[in-house]
Amino acid sequence: MPASFIPQLLFATAMCLFVLPQLVVIPASYSTPADPAPVPASYSTPYATPAAASPAPIPVVSFHDLSPHDLSPPSLAPLAASLSAAFSSHGFAILSNVSLPAAPELLAAAEGFFGEPLEAKMRHSHGPYGTPEGGYTPQGTESVSATLASSAPHARRTGADRVENFVFRSMHSDDRDERLHPPELYTAGKRYFDEASGVLRLLNRLACEALGCPDAEYFNRRFWDGKGSNFDATPQNGNSLRLSHYPPAAPPTCAADGCGGEAERIRYGAHTDYQTFTLLLQDPRDHRGGFGGLEVLVGADWVPVLPPEGNNPGTVSLIVNCGDLTEVWSNGLWKSNLHRVTNPTSEEGWAQGRISVPFFTGPKDDTLVEPLAAAVERAGGRRFESVGAKEHLMRKLGLSNE
Ligand SMILES: *[C@@H]1O[C@H](CO)[C@@H](O)[C@H](O)[C@H]1NC(C)=O
């Protein structure tokens, strides 16, 4: 097997190890590797500098006219068309000028929390990654690197790949999350969760507009019971907010004859996201000053997701991509695309550390995801089986087990 597939397989193994013991839970934030796909040779070269002028950059769609909470903006059609084009070609879009006022506060609270001693952080740990309570998981308890560290031949080289996480699962309307989580982080996390849920509601409407749902709230109803509250979902939906902290580290050293396994390990191996849209807060430093960052496979190229210049003051860019369930709903018109997170490419990059803030989204557990009739018609036939939101996880795990 080509060495370049190894990180994907390990990723799959990691998913099984951490998900299987708790299948009753839908771990919203898991993504599973796609079926084997052509992986370009550059995959195993994390130090490769991303092409400055990429042939097909990730499309930027400006949200400057929209309030995330406004569910009936004047005309969704042009935005829906731009998003649809991006999701068809790349499976990704950068939403610029998005109003997410809680973002700076959340980043500051996350820095504060991750800066605390391990013992203090462990008081907010409620079990392995994917528990319904969410909370803290220390370095080495999940991700590709954890699996490498315990079971791979490269184990002795794995010291540098480290990530610690804090997860907010779907927020509840009672105060149980407030009691579980550190107060400052909870306050900022809840605000951000709410604001990001607002963006998701809007995206769901745009998706309906673009894909031709039976009605405009078709997707939203599969996430929430009512129209009013982002907390109101029975059974629980798959939304979860993850804060990932990659601490500053020394660059991995390479021997004279090459870097071996160490250099093949990147911050996140190539994978597709398992559920619906993922909304990732874009770090303006991405791919600048050797900082590394997200890359998307387009054709045979890994395309860096470059932060656009010129957001209006007080707004941010969100990288949005389609997960596997979105691909099913859209009958394959929109892609659930392979992506990965590369390492820093400079000493300064390694020295800076990184906080990554993905908001993973998924419909309620009991949702049957079926290709939309309009999308089947457009594609000239049905390309995907219907799948239960919960079953989908099992199936992906089965595949990744083979
Ligand atoms: C943000 O919106 C303004 C208009 O208010 C627009 O001129 C600008 O190009 C947008 N920025 C980005 C990065 O899309």
# chains A, B, ... in the order shown; residues from 1 in each chain; ligands from 1
>>> closest_atom_pairs(of="chain A", to="ligand 1", cutoff="10 Å", atoms="only C-alpha atoms and all ligand atoms", output="Markdown table")
| residue | atom | partner | partner_atom_place_in_ligand_line | distance |
| --- | --- | --- | --- | --- |
| A:Val60 | CA | ligand 1 | 14 (O) | 6.6 |
| A:Val61 | CA | ligand 1 | 14 (O) | 6.5 |
| A:Ser62 | CA | ligand 1 | 14 (O) | 4.5 |
| A:Phe63 | CA | ligand 1 | 2 (O) | 7.3 |
| A:His64 | CA | ligand 1 | 2 (O) | 4.8 |
| A:Asp65 | CA | ligand 1 | 5 (O) | 7.2 |
| A:Ile94 | CA | ligand 1 | 14 (O) | 9.0 |
| A:Leu95 | CA | ligand 1 | 14 (O) | 7.7 |
| A:Ser96 | CA | ligand 1 | 14 (O) | 4.8 |
| A:Asn97 | CA | ligand 1 | 1 (C) | 5.0 |
| A:Val98 | CA | ligand 1 | 1 (C) | 8.7 |
| A:Pro307 | CA | ligand 1 | 13 (C) | 8.4 |
| A:Pro308 | CA | ligand 1 | 13 (C) | 5.1 |
| A:Glu309 | CA | ligand 1 | 13 (C) | 5.1 |
| A:Gly310 | CA | ligand 1 | 13 (C) | 4.5 |
| A:Asn311 | CA | ligand 1 | 11 (N) | 4.2 |
| A:Asn312 | CA | ligand 1 | 1 (C) | 5.1 |
| A:Pro313 | CA | ligand 1 | 1 (C) | 8.9 |
| A:Thr315 | CA | ligand 1 | 1 (C) | 8.6 |
| A:Val316 | CA | ligand 1 | 13 (C) | 8.8 |
| A:Ser317 | CA | ligand 1 | 13 (C) | 7.7 |
>>> residues_around(residues="Glu295 of chain A", least_positions_apart="2", cutoff="10 Å", atoms="only C-alpha atoms", output="ChimeraX atom specification")
/A:50,58,270,287,292-293,297-298,301-306,338-342
>>> select_by_dssp(residues="segment 226-343 of chain A", states="alpha helix (DSSP H)", output="list in words")
Gly260, Gly261, Glu262, Ala263, Glu264, Asp324, Leu325, Thr326, Glu327, Val328 and Trp329 of chain A
>>> closest_residue(among="A:Ala389, A:Ala81, A:Leu281, A:Ile355", to="Gly212 of chain A", atoms="only C-alpha atoms")
A:Ala81
>>> atom_distance(atom1="atom CA of Val387 of chain A", atom2="atom CA of Ala216 of chain A")
21.6 Å
>>> residues_around(residues="Asp324 of chain A", least_positions_apart="3", cutoff="6 Å", atoms="only C-alpha atoms", output="list of chain:residue names")
A:Tyr274, A:Gln275, A:Glu327, A:Ser336
>>> write_last_selection(atoms="N, CA and C atoms", output="mmCIF file, in the first residue's frame")
data_model
loop_
_atom_site.group_PDB
_atom_site.id
_atom_site.type_symbol
_atom_site.label_atom_id
_atom_site.label_comp_id
_atom_site.auth_asym_id
_atom_site.auth_seq_id
_atom_site.Cartn_x
_atom_site.Cartn_y
_atom_site.Cartn_z
ATOM 1 N N TYR A 274 -18.447 14.145 8.211
ATOM 2 C CA TYR A 274 -19.443 13.104 8.206
ATOM 3 C C TYR A 274 -20.885 13.610 8.084
ATOM 4 N N GLN A 275 -21.149 14.789 8.625
ATOM 5 C CA GLN A 275 -22.548 15.205 8.700
ATOM 6 C C GLN A 275 -22.927 16.229 7.606
ATOM 7 N N GLU A 327 -24.035 15.836 0.864
ATOM 8 C CA GLU A 327 -23.856 15.220 -0.453
ATOM 9 C C GLU A 327 -25.068 14.334 -0.787
ATOM 10 N N SER A 336 -18.914 16.385 -0.876
ATOM 11 C CA SER A 336 -18.290 16.278 0.440
ATOM 12 C C SER A 336 -16.819 16.011 0.153
#
>>> select_by_dssp(residues="segment 296-361 of chain A", states="strand (DSSP E or B)", output="list of chain:residue names")
A:Val296, A:Leu297, A:Val298, A:Asp301, A:Trp302, A:Val303, A:Pro304, A:Val316, A:Ser317, A:Leu318, A:Ile319, A:Val320, A:Asn321, A:His339, A:Arg340, A:Val341, A:Arg354, A:Ile355, A:Ser356, A:Pro358, A:Phe359, A:Phe360
>>> write_last_selection(atoms="C-alpha atoms", output="PDB file, in the first residue's frame")
ATOM      1  CA  VAL A 296      -8.831  21.151  -0.045  1.00  0.00           C
ATOM      2  CA  LEU A 297      -8.341  18.533  -2.739  1.00  0.00           C
ATOM      3  CA  VAL A 298      -9.475  19.966  -6.061  1.00  0.00           C
ATOM      4  CA  ASP A 301      -4.221  19.579  -6.309  1.00  0.00           C
ATOM      5  CA  TRP A 302      -4.256  20.447  -2.662  1.00  0.00           C
ATOM      6  CA  VAL A 303      -5.590  23.986  -2.736  1.00  0.00           C
ATOM      7  CA  PRO A 304      -4.826  26.171   0.309  1.00  0.00           C
ATOM      8  CA  VAL A 316     -15.062  37.498  10.100  1.00  0.00           C
ATOM      9  CA  SER A 317     -14.634  34.871   7.417  1.00  0.00           C
ATOM     10  CA  LEU A 318     -16.111  31.426   7.864  1.00  0.00           C
ATOM     11  CA  ILE A 319     -14.965  28.471   5.824  1.00  0.00           C
ATOM     12  CA  VAL A 320     -18.024  26.346   5.079  1.00  0.00           C
ATOM     13  CA  ASN A 321     -17.893  22.868   3.634  1.00  0.00           C
ATOM     14  CA  HIS A 339      -9.501  18.242   3.168  1.00  0.00           C
ATOM     15  CA  ARG A 340      -6.584  18.277   5.571  1.00  0.00           C
ATOM     16  CA  VAL A 341      -4.749  20.658   7.871  1.00  0.00           C
ATOM     17  CA  ARG A 354      -3.104  27.622  16.867  1.00  0.00           C
ATOM     18  CA  ILE A 355      -6.689  27.622  18.047  1.00  0.00           C
ATOM     19  CA  SER A 356      -9.128  26.180  15.580  1.00  0.00           C
ATOM     20  CA  PRO A 358     -15.057  24.338  13.871  1.00  0.00           C
ATOM     21  CA  PHE A 359     -18.820  24.280  14.360  1.00  0.00           C
ATOM     22  CA  PHE A 360     -19.954  20.857  13.145  1.00  0.00           C
TER      23      PHE A 360
END
>>> closest_residue(among="A:Pro247, A:Pro101, A:Pro182, A:Pro252", to="Arg123 of chain A", atoms="only C-alpha atoms")
A:Pro182
>>> closest_residue(among="A:Leu372, A:Ala77, A:Leu333, A:Ala379", to="Gly91 of chain A", atoms="only C-alpha atoms")
A:Leu333
>>> residues_around(residues="Val167 of chain A", least_positions_apart="2", cutoff="10 Å", atoms="only C-alpha atoms", output="PyMOL selection string")
chain A and resi 28-29+125+129-137+165+169-170+181+189+240-244+357-359
>>> write_last_selection(atoms="N, CA and C atoms", output="tab-separated table (two decimals), in the first residue's frame")
chain	number	residue	atom	x	y	z
A	28	ALA	N	-20.94	14.22	17.08
A	28	ALA	CA	-21.18	15.18	16.02
A	28	ALA	C	-19.91	15.58	15.31
A	29	SER	N	-18.84	15.61	16.04
A	29	SER	CA	-17.67	16.23	15.45
A	29	SER	C	-16.76	15.25	14.75
A	125	SER	N	-13.18	17.56	32.23
A	125	SER	CA	-13.16	16.42	31.31
A	125	SER	C	-14.27	15.45	31.74
A	129	TYR	N	-13.49	11.84	23.89
A	129	TYR	CA	-14.02	12.71	22.86
A	129	TYR	C	-15.33	12.14	22.33
A	130	GLY	N	-16.40	12.94	22.28
A	130	GLY	CA	-17.67	12.44	21.76
A	130	GLY	C	-18.71	12.19	22.83
A	131	THR	N	-18.40	12.41	24.10
A	131	THR	CA	-19.42	12.23	25.13
A	131	THR	C	-20.51	13.27	24.95
A	132	PRO	N	-21.74	12.93	25.38
A	132	PRO	CA	-22.82	13.88	25.20
A	132	PRO	C	-22.61	15.17	25.99
A	133	GLU	N	-21.83	15.10	27.06
A	133	GLU	CA	-21.60	16.32	27.85
A	133	GLU	C	-20.61	17.25	27.16
A	134	GLY	N	-19.79	16.72	26.27
A	134	GLY	CA	-18.72	17.54	25.72
A	134	GLY	C	-17.65	17.75	26.78
A	135	GLY	N	-17.00	18.90	26.74
A	135	GLY	CA	-15.97	19.21	27.72
A	135	GLY	C	-14.56	19.00	27.18
A	136	TYR	N	-13.62	18.93	28.12
A	136	TYR	CA	-12.20	18.93	27.77
A	136	TYR	C	-11.67	17.53	27.47
A	137	THR	N	-10.85	17.42	26.46
A	137	THR	CA	-10.06	16.20	26.26
A	137	THR	C	-8.60	16.59	26.06
A	165	ASN	N	-8.63	19.50	23.10
A	165	ASN	CA	-9.92	20.00	22.62
A	165	ASN	C	-10.87	20.34	23.75
A	169	ARG	N	-21.42	20.37	23.12
A	169	ARG	CA	-22.46	19.67	22.35
A	169	ARG	C	-23.67	20.58	22.26
A	170	SER	N	-24.69	20.15	21.55
A	170	SER	CA	-25.89	20.96	21.43
A	170	SER	C	-26.22	21.52	22.81
A	181	HIS	N	-19.42	23.37	32.61
A	181	HIS	CA	-18.29	23.98	31.92
A	181	HIS	C	-17.74	25.17	32.70
A	189	GLY	N	-18.79	30.53	24.77
A	189	GLY	CA	-19.14	29.39	23.93
A	189	GLY	C	-20.62	29.38	23.58
A	240	SER	N	-22.28	20.63	17.11
A	240	SER	CA	-21.34	20.76	18.22
A	240	SER	C	-20.23	21.73	17.84
A	241	LEU	N	-19.78	22.42	18.86
A	241	LEU	CA	-18.73	23.42	18.67
A	241	LEU	C	-17.46	22.88	19.29
A	242	ARG	N	-16.40	22.85	18.51
A	242	ARG	CA	-15.14	22.35	19.05
A	242	ARG	C	-14.07	23.43	19.04
A	243	LEU	N	-13.38	23.53	20.15
A	243	LEU	CA	-12.20	24.39	20.22
A	243	LEU	C	-11.00	23.46	20.25
A	244	SER	N	-10.13	23.58	19.26
A	244	SER	CA	-8.93	22.74	19.22
A	244	SER	C	-7.72	23.62	19.43
A	357	VAL	N	-11.51	26.64	15.45
A	357	VAL	CA	-12.89	26.67	15.97
A	357	VAL	C	-13.89	26.17	14.93
A	358	PRO	N	-14.03	24.84	14.78
A	358	PRO	CA	-15.06	24.34	13.87
A	358	PRO	C	-16.40	24.15	14.58
A	359	PHE	N	-17.46	24.55	13.90
A	359	PHE	CA	-18.82	24.28	14.36
A	359	PHE	C	-19.36	23.19	13.43
>>> atom_distance(atom1="atom CA of Val376 of chain A", atom2="atom CA of Leu202 of chain A")
23.3 Å
>>> residues_around(residues="Asn220 of chain A", least_positions_apart="5", cutoff="10 Å", atoms="only C-alpha atoms", output="PDB file with N, CA and C atoms, in the first residue's frame")
ATOM      1  N   LEU A 200     -26.123  28.941  10.480  1.00  0.00           N
ATOM      2  CA  LEU A 200     -26.558  27.649   9.938  1.00  0.00           C
ATOM      3  C   LEU A 200     -28.008  27.724   9.431  1.00  0.00           C
ATOM      4  N   ARG A 201     -28.868  28.390  10.198  1.00  0.00           N
ATOM      5  CA  ARG A 201     -30.263  28.527   9.758  1.00  0.00           C
ATOM      6  C   ARG A 201     -30.346  29.207   8.398  1.00  0.00           C
ATOM      7  N   LEU A 202     -29.515  30.225   8.266  1.00  0.00           N
ATOM      8  CA  LEU A 202     -29.491  30.959   7.011  1.00  0.00           C
ATOM      9  C   LEU A 202     -28.939  30.077   5.884  1.00  0.00           C
ATOM     10  N   LEU A 203     -27.853  29.377   6.185  1.00  0.00           N
ATOM     11  CA  LEU A 203     -27.271  28.474   5.184  1.00  0.00           C
ATOM     12  C   LEU A 203     -28.281  27.411   4.757  1.00  0.00           C
ATOM     13  N   ASN A 204     -29.028  26.908   5.721  1.00  0.00           N
ATOM     14  CA  ASN A 204     -30.025  25.888   5.405  1.00  0.00           C
ATOM     15  C   ASN A 204     -31.084  26.444   4.459  1.00  0.00           C
ATOM     16  N   ARG A 205     -31.444  27.703   4.664  1.00  0.00           N
ATOM     17  CA  ARG A 205     -32.428  28.304   3.759  1.00  0.00           C
ATOM     18  C   ARG A 205     -31.836  28.529   2.376  1.00  0.00           C
ATOM     19  N   CYS A 208     -31.800  25.296   0.652  1.00  0.00           N
ATOM     20  CA  CYS A 208     -33.130  24.947   0.148  1.00  0.00           C
ATOM     21  C   CYS A 208     -33.442  25.691  -1.140  1.00  0.00           C
ATOM     22  N   ASP A 225     -36.880  21.845  16.484  1.00  0.00           N
ATOM     23  CA  ASP A 225     -38.321  21.651  16.511  1.00  0.00           C
ATOM     24  C   ASP A 225     -39.070  22.925  16.165  1.00  0.00           C
ATOM     25  N   GLY A 226     -38.693  24.005  16.858  1.00  0.00           N
ATOM     26  CA  GLY A 226     -39.436  25.250  16.663  1.00  0.00           C
ATOM     27  C   GLY A 226     -38.657  26.181  15.780  1.00  0.00           C
ATOM     28  N   LYS A 227     -39.180  27.360  15.586  1.00  0.00           N
ATOM     29  CA  LYS A 227     -38.470  28.330  14.775  1.00  0.00           C
ATOM     30  C   LYS A 227     -37.612  29.230  15.654  1.00  0.00           C
ATOM     31  N   PRO A 363     -28.239  16.996  11.423  1.00  0.00           N
ATOM     32  CA  PRO A 363     -29.659  16.980  11.770  1.00  0.00           C
ATOM     33  C   PRO A 363     -29.926  16.117  12.994  1.00  0.00           C
TER      34      PRO A 363
END
>>> closest_residue(among="A:Glu348, A:Asp286, A:Arg382, A:Tyr192", to="Pro104 of chain A", atoms="only C-alpha atoms")
A:Tyr192
>>> closest_residue(among="A:Val328, A:Leu79, A:Ile266, A:Ala300", to="Ala56 of chain A", atoms="only C-alpha atoms")
A:Ala300
>>> closest_residue(among="A:Ala351, A:Leu83, A:Leu180, A:Cys213", to="Met122 of chain A", atoms="only C-alpha atoms")
A:Leu180
>>> atom_distance(atom1="atom CA of Asp365 of chain A", atom2="atom CA of Leu325 of chain A")
12.3 Å
